[in-house]
Structures are given as structure tokens and as C-alpha cells.
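*Asks:* Contents of input_27.txt (compact mmCIF, C-alpha atoms and all ligand atoms) are given next:
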```
# COMPACT_ATOMS: atom_id res chain seq x y z
CA MET S 1 0.00 0.00 0.00
CA ASN S 2 1.63 3.24 -1.15
CA LYS S 3 1.75 5.61 1.81
CA ARG S 4 1.46 9.32 1.27
CA GLY S 5 4.46 11.32 2.43
CA ILE S 6 4.44 13.62 5.46
CA LEU S 7 4.66 17.36 5.10
CA VAL S 8 7.49 18.49 7.39
CA VAL S 9 8.14 22.14 8.17
CA VAL S 10 11.56 23.03 9.51
CA SER S 11 12.07 26.47 11.00
CA GLY S 12 14.89 27.94 13.01
CA PHE S 13 16.62 31.23 13.61
CA SER S 14 18.61 32.56 10.67
CA GLY S 15 22.04 31.03 11.35
CA SER S 16 20.67 27.99 13.20
CA GLY S 17 22.25 25.73 10.59
CA LYS S 18 18.91 24.25 9.48
CA GLY S 19 19.86 24.56 5.81
CA THR S 20 23.01 22.48 6.30
CA ILE S 21 21.10 19.86 8.29
CA MET S 22 18.46 19.50 5.59
CA LYS S 23 21.04 19.34 2.83
CA GLN S 24 22.83 16.52 4.64
CA LEU S 25 19.56 14.70 5.39
CA LEU S 26 18.70 14.75 1.70
CA GLU S 27 22.13 13.55 0.68
CA GLU S 28 21.87 10.59 3.05
CA HIS S 29 18.26 9.69 2.16
CA ALA S 30 17.64 10.94 -1.36
CA ASP S 31 14.75 8.53 -2.03
CA THR S 32 12.91 9.30 1.19
CA TYR S 33 12.82 13.08 1.24
CA ALA S 34 12.19 15.92 -1.17
CA LEU S 35 13.13 19.50 -0.36
CA SER S 36 10.70 22.13 -1.55
CA ILE S 37 12.33 25.04 -3.35
CA SER S 38 10.82 28.39 -2.39
CA ALA S 39 10.36 31.51 -4.44
CA THR S 40 11.86 34.70 -3.03
CA THR S 41 12.36 38.34 -3.93
CA ARG S 42 15.66 38.53 -2.04
CA ALA S 43 18.84 38.78 -4.14
CA PRO S 44 20.94 35.61 -4.52
CA ARG S 45 23.95 35.30 -2.20
CA PRO S 46 27.28 34.42 -3.78
CA GLY S 47 27.14 30.78 -4.86
CA GLU S 48 23.33 30.56 -4.89
CA THR S 49 21.67 29.65 -8.18
CA HIS S 50 18.15 30.05 -9.54
CA GLY S 51 16.18 26.82 -9.16
CA LYS S 52 18.58 25.31 -6.64
CA GLU S 53 18.46 27.27 -3.36
CA TYR S 54 15.50 29.40 -4.46
CA PHE S 55 13.55 30.60 -7.47
CA PHE S 56 14.72 34.22 -7.45
CA VAL S 57 11.91 36.39 -8.79
CA SER S 58 10.95 40.07 -8.94
CA ARG S 59 8.26 41.55 -6.66
CA GLU S 60 5.90 41.70 -9.66
CA GLU S 61 6.47 38.05 -10.49
CA PHE S 62 5.94 37.08 -6.87
CA GLU S 63 2.70 39.03 -6.62
CA GLU S 64 1.50 37.33 -9.79
CA MET S 65 2.17 33.91 -8.20
CA ILE S 66 0.08 34.97 -5.20
CA ARG S 67 -2.77 36.10 -7.49
CA GLN S 68 -2.73 32.81 -9.38
CA GLY S 69 -2.92 30.78 -6.17
CA ALA S 70 0.35 29.05 -7.04
CA LEU S 71 1.74 29.23 -3.48
CA ILE S 72 0.83 27.09 -0.45
CA GLU S 73 1.82 30.01 1.79
CA HIS S 74 3.89 33.13 1.63
CA ALA S 75 5.31 35.59 4.14
CA GLN S 76 7.44 38.71 4.41
CA TYR S 77 10.79 38.29 6.10
CA VAL S 78 13.17 41.24 6.63
CA ASN S 79 11.77 43.24 3.65
CA ASN S 80 11.47 40.35 1.20
CA TYR S 81 8.75 37.95 0.13
CA TYR S 82 9.23 34.20 0.50
CA GLY S 83 6.72 31.54 -0.60
CA THR S 84 6.24 27.82 -1.24
CA PRO S 85 5.14 26.76 -4.75
CA LYS S 86 2.27 24.23 -4.61
CA ASP S 87 2.73 21.83 -7.51
CA TYR S 88 6.04 20.22 -6.58
CA VAL S 89 5.01 19.67 -2.95
CA TYR S 90 1.72 17.94 -3.85
CA GLN S 91 3.35 15.79 -6.50
CA GLN S 92 6.12 14.55 -4.16
CA LEU S 93 3.70 13.81 -1.29
CA GLU S 94 1.60 11.70 -3.66
CA MET S 95 4.74 9.78 -4.64
CA GLY S 96 5.22 8.89 -0.98
CA ARG S 97 8.15 11.20 -0.27
CA ASP S 98 8.29 13.27 2.90
CA VAL S 99 8.47 16.86 1.75
CA ILE S 100 10.53 19.33 3.74
CA LEU S 101 9.66 23.01 3.78
CA GLU S 102 12.41 25.12 5.26
CA ILE S 103 10.39 28.20 6.15
CA GLU S 104 10.05 30.86 8.83
CA ILE S 105 7.44 30.84 11.56
CA GLN S 106 4.58 32.85 9.98
CA GLY S 107 4.62 30.52 6.97
CA ALA S 108 4.93 27.46 9.22
CA LEU S 109 1.79 28.39 11.15
CA LYS S 110 -0.16 29.04 7.94
CA VAL S 111 0.80 25.61 6.63
CA LYS S 112 -0.20 23.95 9.92
CA LYS S 113 -3.58 25.70 9.81
CA ALA S 114 -4.25 24.61 6.24
CA TYR S 115 -2.85 21.07 6.77
CA PRO S 116 -3.11 20.14 10.47
CA GLU S 117 -1.24 16.86 9.92
CA THR S 118 1.95 18.84 9.17
CA LEU S 119 4.92 18.04 11.40
CA LEU S 120 6.63 21.17 12.73
CA LEU S 121 10.31 21.04 13.74
CA PHE S 122 12.25 23.95 15.22
CA VAL S 123 16.06 24.01 15.05
CA SER S 124 18.08 26.18 17.41
CA PRO S 125 21.77 26.69 18.07
CA PRO S 126 22.87 25.96 21.66
CA GLY S 127 22.69 29.67 22.62
CA ALA S 128 22.25 33.26 21.41
CA GLU S 129 25.99 34.09 21.38
CA GLU S 130 26.63 31.13 19.13
CA LEU S 131 23.86 32.33 16.81
CA LYS S 132 25.46 35.77 16.47
CA HIS S 133 28.88 34.24 15.77
CA ARG S 134 27.46 32.02 13.04
CA LEU S 135 25.75 34.97 11.34
CA VAL S 136 28.89 37.12 11.50
CA ASP S 137 31.17 34.25 10.39
CA ARG S 138 28.95 33.49 7.41
CA GLY S 139 30.00 36.89 6.09
CA THR S 140 27.13 37.16 3.61
CA GLU S 141 25.15 39.96 5.28
CA ASP S 142 25.99 43.49 6.33
CA GLU S 143 25.74 44.63 9.95
CA ALA S 144 22.25 46.11 9.61
CA THR S 145 20.87 42.90 8.09
CA ILE S 146 22.49 40.81 10.82
CA ALA S 147 20.87 43.08 13.42
CA SER S 148 17.45 42.67 11.72
CA ARG S 149 17.87 38.92 11.61
CA LEU S 150 18.80 38.77 15.30
CA SER S 151 15.82 40.90 16.22
CA ARG S 152 13.62 38.67 14.08
CA ALA S 153 15.10 35.65 15.91
CA TRP S 154 13.94 37.14 19.20
CA GLN S 155 10.39 37.49 17.82
CA GLU S 156 10.45 33.95 16.45
CA ALA S 157 11.58 32.59 19.81
CA GLN S 158 8.16 33.64 21.18
CA GLY S 159 6.40 31.23 18.81
CA VAL S 160 8.38 28.06 19.44
CA GLU S 161 5.59 26.51 21.54
CA ASN S 162 3.55 26.04 18.37
CA TYR S 163 6.07 23.48 17.12
CA ASP S 164 6.05 19.72 17.69
CA TYR S 165 9.82 19.25 18.27
CA PHE S 166 12.70 21.49 19.40
CA ILE S 167 16.10 20.35 18.14
CA ILE S 168 19.45 21.74 19.28
CA ASN S 169 22.03 21.91 16.51
CA ASP S 170 25.29 21.36 18.33
CA ASN S 171 26.73 18.49 16.33
CA LEU S 172 25.69 18.25 12.66
CA GLU S 173 25.73 14.48 12.26
CA GLU S 174 23.80 13.84 15.50
CA CYS S 175 21.29 16.46 14.53
CA VAL S 176 20.69 14.90 11.11
CA GLN S 177 20.12 11.51 12.79
CA GLU S 178 17.73 13.06 15.27
CA VAL S 179 15.64 14.72 12.57
CA HIS S 180 15.55 11.49 10.55
CA SER S 181 14.42 9.37 13.50
CA ILE S 182 11.73 11.88 14.52
CA ILE S 183 10.25 11.77 11.02
CA ARG S 184 10.45 7.96 10.87
CA SER S 185 8.63 7.70 14.21
CA GLU S 186 5.92 10.03 12.97
CA HIS S 187 5.10 7.52 10.24
CA ALA S 188 4.21 4.96 12.91
CA ARG S 189 1.64 7.16 14.66
CA VAL S 190 -1.80 5.58 14.83
CA ALA S 191 -3.34 8.84 13.61
CA ARG S 192 -1.31 8.59 10.39
CA ASN S 193 -2.25 4.97 9.74
CA HIS S 194 -6.05 4.89 9.70
CA VAL S 195 -6.28 3.52 6.16
CA LEU S 196 -3.83 0.69 6.84
CA ILE S 197 -5.50 -0.14 10.16
CA GLU S 198 -8.93 -0.31 8.51
CA HIS S 199 -7.51 -2.54 5.79
CA ILE S 200 -6.01 -5.00 8.28
CA ARG S 201 -9.23 -4.94 10.31
CA ALA S 202 -11.27 -5.83 7.23
CA GLU S 203 -8.93 -8.71 6.44
CA LEU S 204 -9.11 -9.99 10.01
CA LYS S 205 -12.89 -9.83 9.91
CA ASN S 206 -12.91 -12.13 6.90
CA PHE S 207 -10.71 -14.62 8.71
CA ALA S 208 -12.90 -14.45 11.76
CA LYS S 209 -15.99 -15.26 9.62
CA GLY S 210 -14.31 -18.35 8.24
CA GLU S 211 -13.85 -19.86 11.66
P1 LIG D 1 17.24 33.33 3.87
O1 LIG D 1 17.11 34.71 3.28
O2 LIG D 1 18.21 33.28 5.01
O3 LIG D 1 17.51 32.28 2.81
O4 LIG D 1 15.80 32.97 4.49
C1 LIG D 1 15.19 33.82 5.39
C2 LIG D 1 14.04 33.11 6.08
O5 LIG D 1 12.99 32.83 5.15
C3 LIG D 1 14.45 31.77 6.68
O6 LIG D 1 13.90 31.68 7.99
C4 LIG D 1 13.83 30.77 5.75
O7 LIG D 1 13.52 29.55 6.41
C5 LIG D 1 12.55 31.51 5.35
N1 LIG D 1 11.96 30.99 4.10
C6 LIG D 1 12.58 30.44 3.04
N2 LIG D 1 11.68 30.06 2.13
C7 LIG D 1 10.45 30.37 2.62
C8 LIG D 1 9.10 30.18 2.14
O8 LIG D 1 8.83 29.64 1.07
N3 LIG D 1 8.11 30.64 2.94
C9 LIG D 1 8.33 31.22 4.14
N4 LIG D 1 7.28 31.62 4.85
N5 LIG D 1 9.59 31.41 4.63
C10 LIG D 1 10.63 30.97 3.88
```
Output the structure of this file as C-alpha cells.
Ligand code: 5GP
*Replies:*
Amino acid sequence: MNKRGILVVVSGFSGSGKGTIMKQLLEEHADTYALSISATTRAPRPGETHGKEYFFVSREEFEEMIRQGALIEHAQYVNNYYGTPKDYVYQQLEMGRDVILEIEIQGALKVKKAYPETLLLFVSPPGAEELKHRLVDRGTEDEATIASRLSRAWQEAQGVENYDYFIINDNLEECVQEVHSIIRSEHARVARNHVLIEHIRAELKNFAKGE
């Protein structure tokens, strides 16, 4: 019986390392997971390419996607739009892959409201000092943007209780394993297995009749 994939939303403060964790998870389990690629109006960072990290679009193009209903959700984050295109996500879930959306908290809550079965994971560095160091060391943003991202992190920290799991990213490999085992366990939840349970029940009923 082909099981539908789980929609998994991963959020975390900018600099939490969630992108690296997800990249590694996908490398280790390419057949199990699919990473959704978002559309954004922010400019590409050095090394980022269109269609890989993001679909980089203009504000006009983004607003057109909203009008056409092509996005599952969208949100503003530090002066830019970010949104999740629908088609790819639906297609991969149908194929039985778990689809990972790496999105900020406003988007995460919208997805959870629209699809209550969504699994919400929040990734955090071990502490705030570490977060600041990671943002500064990354060297891709100017001081003002780093300050906005840190202030946004403070706001996001207020919403963590809406998530299902809180994961500390101290050691990359351990963190990848943790995320993988959480998602595997979710598949075994009774609430996610009603169709299979009904099927087995029906089979058992037939056996019972034959007695
Ligand atoms: P960055 O500019 O660092 O790549 O991303 C900024 C924030 O936007 C991150 O928290 C990231 O998870 C979030 N983000 C990326 N794609 C989407 C999306 O499609 N929707 C929403 N709501 N947030 C997104």
C-alpha cells in the first residue's frame, strides 16, 4: 500500500544551521525526502543559483504567483517575500516522499492551519551568542541585516511553543540523525495509519468469519 508522504516544516533562527542539516539529510536519504524550493524576492547570495536554493523572482512576479494561487503560503521576512510553490510539494507527497519546507514561523503556522497533519520542527543553536557568531562568520550579510535577523530571531523565539519538536544543533551528524528518527517515528503514529489499520481490520474480519 503506497503511503502518502508527510509534510514536514523546519524552521529555526537565521544562522541555526537548518539549511546544512536539511542538505545533509537529503544527501543521506535521497529517495525518502524531497526538499521544496521556495520563491523569493531577495537577491541571490554568492554561490546561490536560480532553481537550486530558491527561485529568485521580482516583486511583480511574486505578486502574480500569489494572485494565481500558485503558493501554499507566503510571508514577508526582513523586507522580502518568500513563498512555497504548490505543484512540486503535492506531486512529491503523492509519490510517498516526505516533503521538507524550510520556512520561517509565519509561513509554518499558515501551513499547519491549512494542513493540520503537518509536522513542525524547530532548530536552534545551543545559545544566542553562538547564533550571532554564526551569522557574522557566514559573512554574507551586512551589519544592519544581521541586526534585523537577530531581532527577528527574538520574535520567532516567542512562537516556538507552536512546534512539535525542538532540536538543538550542536553536532551536525547527530542532529541529522535526530531529525531522521523523529520523522520515521511520525510515520508509525496511529493517527497517520487509519487507512492501513482499517484494511487490516477488514482482512481480520474475513478470517474471523471463516472460523
Ligand atoms: P534566507 O534569506 O536566510 O535564505 O531565508 C530567510 C528566512 O525565510 C528563513 O527563515 C527561511 O527559512 C525563510 N523561508 C525560506 N523560504 C520560505 C518560504 O517559502 N516561505 C516562508 N514563509 N519562509 C521561507
*Asks:* With all atoms listed in the file counted, collect every polymer residue having an atom within 7 Å of ligand LIG 1 (chain D); state the result as a ChimeraX atom specification.
*Replies:* /S:11-14,38-40,42,73-75,77,82-84,102-108
*Asks:* Need the shell around Glu173 (chain S): protein/DNA/RNA residues with any atom at most 10 Å away, counting all atoms listed in the file. Skip same-chain ones fewer than 4 positions apart. Format as a count of residues only?
*Replies:* 6
*Asks:* Can you work out the spacing between CA of Leu35 (chain S) and CA of Asn80 (chain S) in Å, to one decimal?
*Replies:*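 Going from CA of Leu35 (chain S) over to CA of Asn80 (chain S) covers 21.0 Å.
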*Asks:* Just the number, please: distance in Å from CA of Thr20 (chain S) to CA of Gln155 (chain S), one decimal.
*Replies:*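 Computing it gives 22.7 Å between the two atoms.
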*Asks:* Can you work out which one of S:Gly47, S:Glu117, S:Ala128, S:Gly5 has the shortest atom-to-atom distance to Ser151 (chain S), counting only C-alpha atoms?
*Replies:*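 The shortest atom-to-atom distance to Ser151 (chain S) comes from S:Ala128.
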*Asks:* Could you work out how far CA of Asp87 (chain S) lies from CA of Ala70 (chain S), giving the answer in Å with one decimal?
*Replies:*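 CA of Ala70 (chain S) sits 7.6 Å away from CA of Asp87 (chain S).
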